[in-house]
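Remarks on the structure that follows.
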Amino acid sequence: MKYAKLSNDEMFTSMAELRALVEGEVHFLTGVGLFQAGGGIARRSSTIKAVGEVVSISSDPGEVNKELRGKCFSIQPDVILGVDKASFKSLYGELVEGVKTSRECQKLDLIYTDGVLIAGLREEERDSKSLLDHSRKPFSQSGTMDPYTSRLMVNLAKPSGKVLDPFAGLGSILIEASWMGFSCYGLDVEVRALEKARTNLNFFGLNCELSLGSATSLPFSGKSAVVTDPPYGRSSNARGMKLRELYEGFFYAVPDILEGRLVFATDSNLDWRDQIRSAGMRVLSTHYIYLHKSLSRAIYVVEK
């Protein structure tokens with residue numbers, strides 16, 4: 001059995017990302033997901049901190065200790081709920097009795113959550129370095145989507161091979177899709193935006209097909225997951241098109257090419273559920289990400 005340590009900051013969003021990345025059922029305790037198989041999950045994730053193999057799981061510290069005694073580990077304690085810290089402290093001595101500890105030995109996550117102790121050998125961690133590197137792209141501007149949200153959205157879309165961003169902008173989503181090995185396609189109505197997106201992709205040695213065009217008339221015949229960050233400011237427009245017209249036209253264009261999911265970001269004050277239903281799709285979930293006091297993003301996850 002595998003375990004995944006989830007982000008405490010965006011717990012429900014992290015749960016959704018793990019479900020999207022794992023083939024099969026996932027069981028959750030607070031801050032932890034348990035599942036049967038899967039590799040490369042933490043590395044490619046936005047919100048999953050670490051993944052490993054469960055050594056022992058029990059509410060009895062003695063049972064956990066039986067599996068650890070006589071071995072050497074670099075122990076990484078993690079008490080998920082602050083109210084449990086005192087309880088864990090009283091259990092810790094019994095848990096590590098007869099266990100050698102050294103930073104040179106394999107990392108062992110020792111997690112306490114919901115009254116359950118989980119001991120697991122850490123196998124992989126989130127690739128935070130690539131997320132930090134991607135934030136240093138040559139072109140950026142206020143409101144540009146950050147790498148963490150971009151990677152999260154690509155994962156929530158569950159692509160089978162292709163990712164289309166029809167509001168490509170400066171290419172933040174395309175960078176993450178290409179980095180994860182998907183064929184990627186970007187569309188935008190602004191030539192200058194596409195030039196900047198290409199420069200940003202080239203900076204990291206990545207490549208996506210970029211085209212000039214409108215998201216309301218997608219010039220693609222193939223099937224693709226769709227991941228995008230449309231405009232949603234009060235003054236936003238696309239070549240004079242009103243915001244509602246732009247979204248409605250986009251929603252009606254998506255079903256013909258959609259394979260997997262449509263995942264898009266918008267202002268949390270905007271509600272697009274009726275328009276999505278009218279276009280023949282359904283909202284699977286909505287996740288909210290706080291940016292600053294005047295804006296929270298809503299991430300819609302949509303299927304046909």
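Identifiers in this document derive from the order of the structure tokens: chains are assigned A, B, ..., residues are numbered from 1 separately in each chain, and ligands are numbered from 1 in order of occurrence.
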Next item on the list: Run DSSP on the backbone of this structure and report the residues of region 11-120 of chain A it assigns to helix (DSSP H, G or I), as a ChimeraX atom specification.
Entry: /A:11-21,61-68,82-95
Within 7 Å of region 274-290 of chain A, which residues of region 168-257 of chain A show up? Give each one with its shortest atom-to-atom distance in Å (one decimal) and the two atoms involved, counting only C-alpha atoms, rows by chain then rising residue number, as a Markdown table.
```
| residue | atom | partner | partner_atom | distance |
| --- | --- | --- | --- | --- |
| A:Glu248 | CA | A:Gln275 | CA | 6.3 |
| A:Phe251 | CA | A:Ala279 | CA | 5.9 |
| A:Tyr252 | CA | A:Ala279 | CA | 5.0 |
```
Item checked: Residues near Gly70 (chain A), cut-off 7 Å, only C-alpha atoms, skip fewer than 4 positions along chain, as a PyMOL selection string -> chain A and resi 98-100
Item checked: Neighbour list for region 44-57 of chain A as a ChimeraX atom specification, cut-off 6 Å, only C-alpha atoms, skip fewer than 6 positions in-chain -> /A:1-7,14,64,117-126,148,151-152
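The closest residue to Gly181 (chain A), picked from A:Ala193, A:Ile257, A:Ala157, A:Cys208 and counting only C-alpha atoms, is A:Cys208.
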Check: as an MDAnalysis selection string, which residues of region 121-262 of chain A does DSSP assign to strand (DSSP E or B)?
Finding: chainID A and resid 121:125 162:165 183:188 209:212 224:228 238 241 258:262
Note to self: Between A:Tyr247, A:Tyr232, A:Tyr112, A:Phe139, which residue has the minimum interatomic distance to Asp267 (chain A), considering only C-alpha atoms?
What the structure shows: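 Distance minimum relative to Asp267 (chain A) lands on A:Tyr232.
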